[in-house]
$ cat run_32.tsv   # TSV, C-alpha atoms
chain	number	residue	atom	x	y	z
A	17	MET	CA	-26.04	0.04	-19.09
A	18	LYS	CA	-29.50	-0.93	-18.00
A	19	ARG	CA	-31.06	1.28	-15.36
A	20	ASN	CA	-31.12	-1.53	-12.77
A	21	THR	CA	-27.41	-2.18	-13.28
A	22	VAL	CA	-26.59	1.50	-12.80
A	23	LEU	CA	-28.58	1.60	-9.55
A	24	ILE	CA	-27.00	-1.58	-8.21
A	25	LEU	CA	-23.44	-0.47	-9.01
A	26	PHE	CA	-24.08	2.97	-7.53
A	27	SER	CA	-25.46	1.29	-4.38
A	28	PHE	CA	-22.35	-0.85	-4.09
A	29	ILE	CA	-20.13	2.23	-4.43
A	30	ILE	CA	-22.08	4.02	-1.69
A	31	LEU	CA	-21.91	0.95	0.56
A	32	PHE	CA	-18.17	0.59	-0.12
A	33	VAL	CA	-17.62	4.18	1.04
A	34	LEU	CA	-19.96	3.99	4.04
A	35	VAL	CA	-18.38	0.85	5.49
A	36	ARG	CA	-14.89	2.31	5.23
A	37	SER	CA	-15.98	5.71	6.51
A	38	LEU	CA	-16.94	4.22	9.88
A	39	HIS	CA	-14.27	5.62	12.23
A	40	PHE	CA	-12.03	6.14	9.20
A	41	VAL	CA	-9.46	8.27	11.01
A	42	GLN	CA	-9.25	5.91	14.00
A	43	PHE	CA	-8.71	2.93	11.67
A	44	LEU	CA	-6.22	4.76	9.45
A	45	ASN	CA	-2.83	3.08	9.27
A	46	PHE	CA	-0.21	5.65	8.29
A	47	SER	CA	2.96	4.41	9.92
A	48	HIS	CA	6.52	3.40	9.08
A	49	ASP	CA	6.47	2.49	5.38
A	50	GLN	CA	3.70	4.96	4.57
A	51	GLY	CA	5.71	7.84	6.05
A	52	ASP	CA	8.89	6.76	4.29
A	53	PHE	CA	7.17	6.31	0.90
A	54	ALA	CA	5.26	9.60	1.22
A	55	LEU	CA	8.47	11.47	2.06
A	56	LYS	CA	10.20	10.10	-1.03
A	57	ALA	CA	7.21	11.01	-3.20
A	58	LEU	CA	7.18	14.52	-1.70
A	59	ASN	CA	10.90	14.94	-2.42
A	60	ILE	CA	10.39	13.78	-6.03
A	61	TYR	CA	7.69	16.44	-6.41
A	62	ARG	CA	9.65	19.29	-4.84
A	63	GLU	CA	12.94	18.49	-6.52
A	64	LYS	CA	11.20	17.89	-9.87
A	65	LYS	CA	13.40	14.87	-10.40
A	66	ILE	CA	12.97	11.68	-12.36
A	67	THR	CA	14.03	8.47	-10.66
A	68	LEU	CA	14.02	4.84	-11.69
A	69	VAL	CA	14.54	3.56	-8.15
A	70	GLY	CA	11.52	2.30	-6.22
A	71	PRO	CA	11.04	0.61	-2.83
A	72	THR	CA	13.32	-2.26	-1.87
A	73	ALA	CA	12.22	-5.81	-1.11
A	74	SER	CA	12.75	-7.24	2.39
A	75	PRO	CA	15.26	-10.09	1.79
A	76	ILE	CA	18.86	-8.88	1.97
A	77	TYR	CA	22.23	-10.52	1.38
A	78	MET	CA	25.51	-8.68	1.98
A	79	GLY	CA	23.73	-5.34	1.67
A	80	HIS	CA	21.98	-6.28	-1.59
A	81	ARG	CA	18.19	-5.98	-1.93
A	82	LEU	CA	15.90	-6.26	-4.91
A	83	ILE	CA	14.70	-2.83	-6.03
A	84	SER	CA	11.24	-2.44	-7.53
A	85	GLY	CA	10.21	0.19	-10.06
A	86	SER	CA	9.69	3.86	-9.24
A	87	ALA	CA	6.24	3.91	-10.89
A	88	PHE	CA	4.73	3.34	-7.44
A	89	TYR	CA	6.14	6.64	-6.16
A	90	TYR	CA	4.59	8.59	-9.04
A	91	VAL	CA	1.18	6.96	-8.59
A	92	LEU	CA	1.43	7.62	-4.84
A	93	LEU	CA	2.39	11.22	-5.61
A	94	PHE	CA	-0.76	11.60	-7.72
A	95	VAL	CA	-2.94	10.54	-4.77
A	96	LEU	CA	-0.99	12.70	-2.29
A	97	LEU	CA	-1.39	15.72	-4.57
A	98	LEU	CA	-5.15	15.19	-4.65
A	99	GLY	CA	-5.13	15.31	-0.85
A	100	HIS	CA	-2.65	18.21	-0.59
A	101	PHE	CA	-0.21	15.79	1.06
A	102	ASP	CA	-2.42	15.40	4.13
A	103	PRO	CA	-2.31	11.70	5.16
A	104	ILE	CA	-5.97	11.59	6.23
A	105	VAL	CA	-7.39	13.42	3.22
A	106	SER	CA	-5.14	11.56	0.76
A	107	SER	CA	-6.03	8.18	2.27
A	108	TYR	CA	-9.73	9.00	2.11
A	109	ILE	CA	-9.45	10.06	-1.53
A	110	PHE	CA	-7.62	6.80	-2.23
A	111	MET	CA	-10.52	4.91	-0.66
A	112	LEU	CA	-12.94	6.79	-2.94
A	113	LEU	CA	-10.82	5.91	-5.96
A	114	CYS	CA	-10.97	2.26	-4.93
A	115	ALA	CA	-14.76	2.54	-4.66
A	116	VAL	CA	-15.04	3.73	-8.27
A	117	MET	CA	-13.15	0.61	-9.39
A	118	ILE	CA	-16.30	-1.39	-8.67
A	119	VAL	CA	-17.49	-0.40	-12.16
A	120	PRO	CA	-14.56	-1.79	-14.22
A	121	LEU	CA	-14.38	-4.81	-11.91
A	122	TYR	CA	-18.04	-5.61	-12.51
A	123	PHE	CA	-17.83	-5.39	-16.31
A	124	GLY	CA	-14.52	-7.22	-16.45
A	125	VAL	CA	-15.87	-10.20	-14.53
A	126	LYS	CA	-19.20	-10.08	-16.39
A	127	TYR	CA	-17.40	-10.36	-19.74
A	128	LEU	CA	-15.14	-13.13	-18.40
A	129	ALA	CA	-17.92	-15.16	-16.77
A	130	ASN	CA	-21.47	-13.83	-16.32
A	131	LYS	CA	-23.53	-11.24	-14.48
A	132	ASN	CA	-24.09	-13.28	-11.32
A	133	THR	CA	-20.39	-13.96	-10.94
A	134	ALA	CA	-19.70	-10.25	-11.39
A	135	TYR	CA	-22.15	-9.35	-8.62
A	136	LEU	CA	-20.54	-11.93	-6.33
A	137	ILE	CA	-17.04	-10.55	-6.95
A	138	ILE	CA	-18.02	-6.94	-6.30
A	139	THR	CA	-19.76	-8.12	-3.13
A	140	LEU	CA	-16.48	-9.61	-1.93
A	141	TYR	CA	-14.56	-6.51	-3.09
A	142	THR	CA	-16.95	-4.25	-1.17
A	143	LEU	CA	-17.45	-6.14	2.09
A	144	LEU	CA	-14.73	-8.74	2.66
A	145	PRO	CA	-12.83	-7.50	5.77
A	146	PHE	CA	-9.46	-8.23	4.14
A	147	TYR	CA	-10.36	-5.76	1.38
A	148	VAL	CA	-12.07	-3.24	3.70
A	149	THR	CA	-8.97	-2.97	5.87
A	150	ASN	CA	-6.55	-2.65	2.97
A	151	THR	CA	-8.38	-0.06	0.90
A	152	ARG	CA	-8.03	2.58	3.61
A	153	PHE	CA	-4.31	3.26	3.54
A	154	LEU	CA	-1.54	4.01	1.10
A	155	THR	CA	1.24	1.57	0.36
A	156	ASN	CA	2.53	-0.30	-2.69
A	157	PRO	CA	0.33	-3.46	-2.51
A	158	THR	CA	-2.81	-1.35	-1.90
A	159	LEU	CA	-2.10	0.95	-4.86
A	160	GLN	CA	-1.44	-2.17	-6.93
A	161	PHE	CA	-4.81	-3.52	-5.76
A	162	TRP	CA	-6.53	-0.25	-6.71
A	163	LEU	CA	-5.44	-0.59	-10.35
A	164	THR	CA	-6.01	-4.35	-10.64
A	165	PRO	CA	-9.72	-4.00	-11.67
A	166	LEU	CA	-8.52	-2.19	-14.82
A	167	LEU	CA	-6.49	-5.28	-15.72
A	168	ILE	CA	-9.56	-7.45	-15.15
A	169	LEU	CA	-11.64	-5.09	-17.31
A	170	PHE	CA	-9.20	-5.41	-20.23
A	171	MET	CA	-9.23	-9.19	-19.81
A	172	GLY	CA	-13.02	-9.13	-20.02
A	173	LEU	CA	-13.06	-6.77	-23.00
A	174	TYR	CA	-10.64	-9.00	-24.89
A	175	ASN	CA	-12.75	-12.04	-24.05
A	176	LYS	CA	-15.84	-10.26	-25.37
A	177	THR	CA	-14.42	-8.57	-28.51
A	178	LYS	CA	-11.25	-10.55	-29.33
A	179	ASN	CA	-9.66	-7.19	-30.08
A	180	SER	CA	-5.86	-7.53	-29.89
A	181	VAL	CA	-5.55	-3.98	-28.50
A	182	TYR	CA	-7.23	-5.13	-25.28
A	183	PHE	CA	-4.90	-8.14	-25.14
A	184	PHE	CA	-1.95	-5.76	-25.45
A	185	LEU	CA	-3.36	-3.63	-22.60
A	186	VAL	CA	-3.76	-6.71	-20.40
A	187	TRP	CA	-0.06	-7.43	-20.59
A	188	PHE	CA	0.93	-3.79	-20.36
A	189	LEU	CA	-0.87	-3.59	-17.01
A	190	VAL	CA	0.64	-6.89	-15.85
A	191	GLY	CA	4.10	-5.41	-16.42
A	192	PHE	CA	3.19	-2.04	-14.92
A	193	LEU	CA	1.63	-3.53	-11.77
A	194	LEU	CA	4.63	-5.82	-11.29
A	195	LEU	CA	6.63	-2.62	-10.68
A	196	PHE	CA	4.64	-1.98	-7.49
A	197	HIS	CA	5.53	-5.25	-5.80
A	198	PHE	CA	7.27	-8.39	-7.03
A	199	GLN	CA	4.62	-10.61	-5.43
A	200	PHE	CA	2.53	-9.81	-8.52
A	201	ALA	CA	4.76	-12.29	-10.36
A	202	LEU	CA	2.32	-14.96	-9.15
A	203	VAL	CA	-0.42	-13.23	-11.17
A	204	LEU	CA	1.93	-13.07	-14.15
A	205	ILE	CA	2.54	-16.83	-13.97
A	206	ALA	CA	-1.17	-17.57	-13.50
A	207	LEU	CA	-2.12	-15.49	-16.55
A	208	ILE	CA	0.55	-17.12	-18.71
A	209	ILE	CA	-0.86	-20.54	-17.78
A	210	TYR	CA	-4.44	-19.34	-18.28
A	211	TYR	CA	-3.94	-17.87	-21.75
A	212	LEU	CA	-1.60	-20.59	-23.06
A	213	PHE	CA	-3.24	-23.73	-21.70
A	214	VAL	CA	-6.82	-22.84	-20.73
A	215	TYR	CA	-7.79	-20.08	-23.14
A	216	LYS	CA	-5.32	-21.39	-25.77
A	217	ILE	CA	-4.72	-18.10	-27.51
A	218	ASN	CA	-3.60	-17.86	-31.11
A	219	ALA	CA	0.20	-17.79	-31.37
A	220	LYS	CA	-0.11	-14.59	-33.41
A	221	LEU	CA	-1.12	-12.76	-30.22
A	222	ILE	CA	2.07	-13.63	-28.31
A	223	PRO	CA	4.03	-10.65	-29.75
A	224	PHE	CA	1.25	-8.33	-28.47
A	225	ALA	CA	1.66	-9.84	-25.01
A	226	VAL	CA	5.46	-9.61	-25.03
A	227	LEU	CA	5.46	-6.02	-26.32
A	228	GLY	CA	2.78	-4.91	-23.85
A	229	PHE	CA	4.61	-6.50	-20.93
A	230	LEU	CA	7.98	-4.98	-21.90
A	231	ILE	CA	6.50	-1.51	-22.22
A	232	GLY	CA	4.68	-1.91	-18.91
A	233	ILE	CA	7.84	-2.96	-17.10
A	234	SER	CA	10.11	-0.57	-19.02
A	235	ASN	CA	10.83	1.38	-15.81
A	236	LEU	CA	12.62	-1.68	-14.41
A	237	ILE	CA	14.30	-2.50	-17.73
A	238	LEU	CA	15.79	1.00	-17.87
A	239	PHE	CA	16.93	0.65	-14.26
A	240	GLU	CA	18.65	-2.64	-15.07
A	241	LEU	CA	20.39	-1.24	-18.13
A	242	LYS	CA	21.57	1.82	-16.25
A	243	ASN	CA	22.79	-0.13	-13.21
A	244	ASN	CA	24.58	-3.09	-14.79
A	245	TYR	CA	21.65	-5.50	-14.24
A	246	TYR	CA	21.63	-4.92	-10.49
A	247	ASP	CA	18.31	-6.68	-9.79
A	248	THR	CA	19.25	-9.67	-11.93
A	249	ARG	CA	22.56	-10.08	-10.11
A	250	THR	CA	20.88	-9.57	-6.73
A	251	ALA	CA	18.20	-12.16	-7.52
A	252	LEU	CA	20.89	-14.71	-8.37
A	253	LEU	CA	22.73	-13.90	-5.13
A	254	LEU	CA	19.57	-14.35	-3.07
A	255	VAL	CA	18.76	-17.67	-4.75
A	256	GLN	CA	22.31	-18.91	-4.12
A	257	HIS	CA	22.31	-17.81	-0.47
A	258	LEU	CA	18.74	-18.37	0.66
A	259	LYS	CA	19.86	-19.79	4.00
A	260	THR	CA	22.04	-16.82	4.91
A	261	ALA	CA	19.88	-14.05	3.46
A	262	THR	CA	18.08	-12.05	6.14
A	263	GLY	CA	15.07	-9.77	6.40
A	264	GLY	CA	12.57	-12.04	4.71
A	265	GLY	CA	10.86	-13.05	7.96
A	266	GLY	CA	7.35	-13.94	6.88
A	267	THR	CA	5.07	-12.64	4.16
A	268	PRO	CA	2.44	-10.11	5.27
A	269	SER	CA	-1.06	-10.92	4.07
A	270	ILE	CA	-1.34	-7.54	2.35
A	271	TYR	CA	1.00	-8.81	-0.38
A	272	PHE	CA	-1.77	-11.17	-1.50
A	273	LEU	CA	-4.45	-8.53	-2.10
A	274	SER	CA	-4.39	-8.64	-5.90
A	275	ILE	CA	-3.51	-12.32	-5.95
A	276	SER	CA	-6.55	-13.20	-3.83
A	277	LEU	CA	-8.87	-11.19	-6.10
A	278	PHE	CA	-7.65	-13.13	-9.14
A	279	LEU	CA	-8.03	-16.37	-7.20
A	280	PHE	CA	-11.68	-15.57	-6.40
A	281	ILE	CA	-12.35	-14.66	-10.03
A	282	PHE	CA	-10.77	-17.82	-11.44
A	283	ILE	CA	-12.58	-20.05	-8.91
A	284	PHE	CA	-16.00	-18.55	-9.60
A	285	MET	CA	-15.38	-18.42	-13.35
A	286	TYR	CA	-15.05	-22.19	-13.14
A	287	PHE	CA	-18.23	-22.52	-11.04
A	288	LYS	CA	-20.10	-19.67	-12.74
A	289	ASN	CA	-23.17	-21.78	-13.48
A	290	GLN	CA	-23.53	-22.58	-9.77
A	291	VAL	CA	-23.43	-18.93	-8.66
A	292	SER	CA	-27.10	-18.22	-7.98
A	293	GLN	CA	-28.77	-15.02	-6.87
A	294	ARG	CA	-29.63	-16.69	-3.57
A	295	PHE	CA	-25.95	-17.54	-2.97
A	296	ILE	CA	-24.97	-13.93	-3.72
A	297	LEU	CA	-27.56	-12.62	-1.26
A	298	GLU	CA	-26.38	-15.03	1.44
A	299	VAL	CA	-22.76	-13.96	0.97
A	300	PHE	CA	-23.81	-10.30	0.94
A	301	ALA	CA	-25.84	-10.66	4.15
A	302	ALA	CA	-23.09	-12.55	5.97
A	303	LEU	CA	-20.37	-10.05	5.02
A	304	PHE	CA	-22.59	-7.05	5.75
A	305	ILE	CA	-23.33	-8.30	9.27
A	306	LEU	CA	-19.65	-9.12	9.79
A	307	SER	CA	-18.67	-5.62	8.65
A	308	LEU	CA	-21.07	-4.00	11.09
A	309	PHE	CA	-19.67	-6.18	13.88
A	310	LEU	CA	-16.05	-5.34	13.02
A	311	TYR	CA	-16.27	-1.65	12.16
A	312	ILE	CA	-19.16	-0.03	14.01
A	313	LYS	CA	-17.22	0.16	17.27
A	314	THR	CA	-14.52	2.83	17.64
A	315	PRO	CA	-11.14	1.03	17.58
A	316	SER	CA	-8.49	1.70	20.23
A	317	GLN	CA	-5.66	1.24	17.73
A	318	SER	CA	-5.05	1.10	13.99
A	319	GLY	CA	-2.12	-1.29	13.78
A	320	ASP	CA	-0.51	-3.88	16.01
A	321	LYS	CA	0.64	-1.38	18.65
A	322	LYS	CA	-1.77	-1.17	21.56
A	323	ASN	CA	-3.58	2.18	21.96
A	324	TRP	CA	-1.73	3.76	19.03
A	325	ASN	CA	-3.03	5.25	15.80
A	326	TYR	CA	-2.14	7.98	13.33
A	327	LEU	CA	-3.97	10.63	15.39
A	328	LEU	CA	-1.24	10.32	18.03
A	329	ASP	CA	1.45	10.86	15.39
A	330	SER	CA	-0.46	13.95	14.27
A	331	LYS	CA	-0.78	15.19	17.85
A	332	ALA	CA	2.93	14.68	18.51
A	333	ASN	CA	3.76	16.53	15.28
A	334	SER	CA	1.63	19.51	16.31
A	335	ILE	CA	3.47	19.71	19.63
A	336	ILE	CA	6.89	19.38	17.99
A	337	GLU	CA	6.17	22.13	15.47
A	338	SER	CA	4.74	24.43	18.16
A	339	GLN	CA	8.09	24.47	19.98
A	340	LYS	CA	9.70	26.24	16.98
A	341	LEU	CA	13.09	24.67	17.64
A	342	SER	CA	15.99	24.07	15.30
A	343	ASP	CA	18.81	21.57	15.66
A	344	PHE	CA	16.61	18.70	16.78
A	345	SER	CA	15.65	15.20	15.76
A	346	VAL	CA	12.82	12.81	16.55
A	347	VAL	CA	12.68	9.18	17.59
A	348	ASN	CA	9.55	7.06	17.90
A	349	LEU	CA	10.09	4.11	20.22
A	350	VAL	CA	6.52	2.89	19.79
A	351	TYR	CA	6.94	1.34	16.34
A	352	ASP	CA	9.68	3.07	14.31
A	353	THR	CA	12.92	4.50	15.66
A	354	ASP	CA	13.46	6.38	12.39
A	355	ALA	CA	10.20	8.27	13.05
A	356	SER	CA	9.46	8.31	9.32
A	357	VAL	CA	5.96	9.71	9.79
A	358	GLN	CA	7.22	12.61	11.90
A	359	LYS	CA	9.90	13.43	9.32
A	360	TYR	CA	7.30	13.37	6.55
A	361	LEU	CA	4.94	15.65	8.47
A	362	LEU	CA	7.78	18.09	9.20
A	363	ALA	CA	8.85	18.11	5.54
A	364	LYS	CA	5.23	18.56	4.43
A	365	ASP	CA	5.04	21.72	6.55
A	366	ASN	CA	8.36	22.98	5.16
A	367	ILE	CA	10.23	22.52	8.42
A	368	ASN	CA	13.70	21.58	7.33
A	369	GLY	CA	16.60	20.22	9.28
A	370	ASN	CA	19.11	17.44	9.56
A	371	PHE	CA	16.62	15.16	11.29
A	372	ASP	CA	18.72	12.05	10.68
A	373	ASN	CA	21.51	13.47	12.80
A	374	TYR	CA	21.39	11.65	16.13
A	375	SER	CA	25.00	12.27	17.14
A	376	SER	CA	25.23	16.01	17.74
A	377	GLU	CA	21.74	17.51	17.67
A	378	LYS	CA	20.92	19.77	20.62
A	379	TYR	CA	17.37	18.50	21.19
A	380	LEU	CA	15.68	15.15	20.83
A	381	PHE	CA	11.93	14.54	20.82
A	382	VAL	CA	11.17	11.04	22.12
A	383	ILE	CA	7.80	9.34	21.60
A	384	THR	CA	7.64	6.48	24.07
A	385	LYS	CA	5.61	4.56	26.61
A	386	LYS	CA	5.08	6.19	29.97
A	387	ASN	CA	7.59	5.34	32.71
A	388	TYR	CA	9.98	3.69	30.26
A	389	ASP	CA	13.71	4.19	30.90
A	390	TYR	CA	14.45	4.68	27.23
A	391	LEU	CA	18.03	5.88	27.68
A	392	LYS	CA	18.82	2.21	28.25
A	393	ASP	CA	16.97	1.17	25.08
A	394	PRO	CA	19.17	-0.62	22.51
A	395	ALA	CA	18.22	2.00	19.90
A	396	TYR	CA	21.32	4.15	19.39
A	397	GLU	CA	19.13	7.17	18.66
A	398	VAL	CA	18.36	7.45	22.38
A	399	ASN	CA	21.04	5.53	24.25
A	400	THR	CA	23.76	7.81	22.85
A	401	PHE	CA	21.90	11.00	23.77
A	402	LYS	CA	23.84	11.45	27.01
A	403	PRO	CA	24.20	13.38	29.18
A	404	SER	CA	20.83	15.02	28.74
A	405	LYS	CA	17.76	16.11	30.65
A	406	VAL	CA	14.02	16.25	30.05
A	407	VAL	CA	13.00	19.84	29.32
A	408	LYS	CA	9.30	19.22	28.71
A	409	SER	CA	6.94	16.29	28.59
A	410	TRP	CA	3.46	15.93	27.09
A	411	ASN	CA	0.88	13.16	27.52
A	412	LEU	CA	-0.28	11.85	24.14
A	413	ASN	CA	-2.80	9.51	25.77
A	414	SER	CA	-2.94	7.26	28.81
A	415	THR	CA	-0.19	5.01	27.41
A	416	TYR	CA	2.29	7.23	25.54
A	417	VAL	CA	4.18	10.47	26.13
A	418	LEU	CA	6.30	12.86	24.12
A	419	ASP	CA	9.50	13.97	25.86
A	420	LEU	CA	11.78	16.80	24.80
A	421	ARG	CA	15.35	16.18	25.87
A	422	GLN	CA	18.26	18.61	25.74
A	423	ARG	CA	21.94	17.78	25.81
A	424	THR	CA	23.61	19.09	28.96
A	425	ARG	CA	27.05	19.49	27.47
$ encode --input "run_32.tsv" --output "structure tokens"
Amino acid sequence: MKRNTVLILFSFIILFVLVRSLHFVQFLNFSHDQGDFALKALNIYREKKITLVGPTASPIYMGHRLISGSAFYYVLLFVLLLGHFDPIVSSYIFMLLCAVMIVPLYFGVKYLANKNTAYLIITLYTLLPFYVTNTRFLTNPTLQFWLTPLLILFMGLYNKTKNSVYFFLVWFLVGFLLLFHFQFALVLIALIIYYLFVYKINAKLIPFAVLGFLIGISNLILFELKNNYYDTRTALLLVQHLKTATGGGGTPSIYFLSISLFLFIFIFMYFKNQVSQRFILEVFAALFILSLFLYIKTPSQSGDKKNWNYLLDSKANSIIESQKLSDFSVVNLVYDTDASVQKYLLAKDNINGNFDNYSSEKYLFVITKKNYDYLKDPAYEVNTFKPSKVVKSWNLNSTYVLDLRQRTR
């Protein structure tokens, strides 16, 4: 690499980290799914088990859901191990790993288009708020997004060298990243169209693509073979009963992280000759100012729940553990009645118990809004905890409290 290129890429990496480090802990989103996924990864590590079962998709029909590959849990476990299973440290390390991906992203786009286009794409990757927000926390679409620049690098290397090994690696990663979330199928379709009808690859390369894809997705193939083609049968059921299937309610924008990056690349590959240095500087300046406006102020919340962030979960966990009780469970009425984050934090600290038992436990910790009559809440975890009394209560902040209830008979 030329010295100027090294300095520019290093500067982008530093900027990537600095922007996301602004109030990192206050912005950190470690909530329902993150706690659930982290707990499963922790259990895989401690039980030294091999599983083919990954997270489930949202749509459900008659109890059937699509099941993605378990590769996500093992990649998540790698990041959690680096951070000693601490949500803040692990999430920060993940952000640093995303920052390093600027290098393969730059060279991938450069070899696919040109240097100016590559600088534009890493500008978007570094400063676009959609990417800033979603490279600070751990979940399956964000881990998929973290590895996507490697796929782009192999695409660029194949374009530059015409080496069939790189073409094989492109399709291996397509299959592997599809295991993280099925939304990546849109990238799969786009790349099939691109290589067959735009790039017009030699037919001799198709076996490399098929073999690479099958090896990449082998986790899911093994799952299907072992479970009588469960996902295939479930997919057919969902297609046949789209109107009565439930749980699909909307598609969160985070699912389009990797898809949007490919969309930007394909658009600017087409207009690569119009991407000038002045245009790059204008985009950089606009996004830099926007980032300062959005992230320099300390946020009051990290998700969609007013005045709530992971620090309150951590505070509640410290209080719960300090009571040194057994025979208890936890419910979080703020955003997750299962209290997945609390159960993960307890497991992380080797505090074991039957925390899913809400029918006969002696104590119940309740995270809730102040002055809320939660015993009348529709959540069975609290409305069945009767008769009972409040033993202790702690203010978490001006909006939320932690109550400790004890059964009175």
$ residues_around --input "run_32.tsv" --residues "A:Phe272" --least-positions-apart "2" --cutoff "10 Å" --atoms "only C-alpha atoms" --output "list in words"
Phe146, Pro157, Thr158, Phe161, Gln199, Phe200, Leu202, Val203, Thr267, Pro268, Ser269, Ile270, Ser274, Ile275, Ser276, Leu277, Phe278 and Leu279 of chain A
$ residues_around --input "run_32.tsv" --residues "stretch 246-257 of chain A" --least-positions-apart "4" --cutoff "7 Å" --atoms "all atoms listed in the file" --output "list in words"
Tyr77, His80, Arg81, Leu82, Ile83, Glu240 and Ala261 of chain A
$ closest_residue --input "run_32.tsv" --among "A:Val357, A:Leu412, A:Leu221, A:Leu143" --to "A:His48" --atoms "only C-alpha atoms"
A:Val357
$ atom_distance --input "run_32.tsv" --atom1 "atom CA of A:Ser307" --atom2 "atom CA of A:Gly99"
26.7 Å
$ atom_distance --input "run_32.tsv" --atom1 "atom CA of A:Phe381" --atom2 "atom CA of A:Leu55"
19.3 Å
$ atom_distance --input "run_32.tsv" --atom1 "atom CA of A:Ser107" --atom2 "atom CA of A:Leu154"
6.2 Å
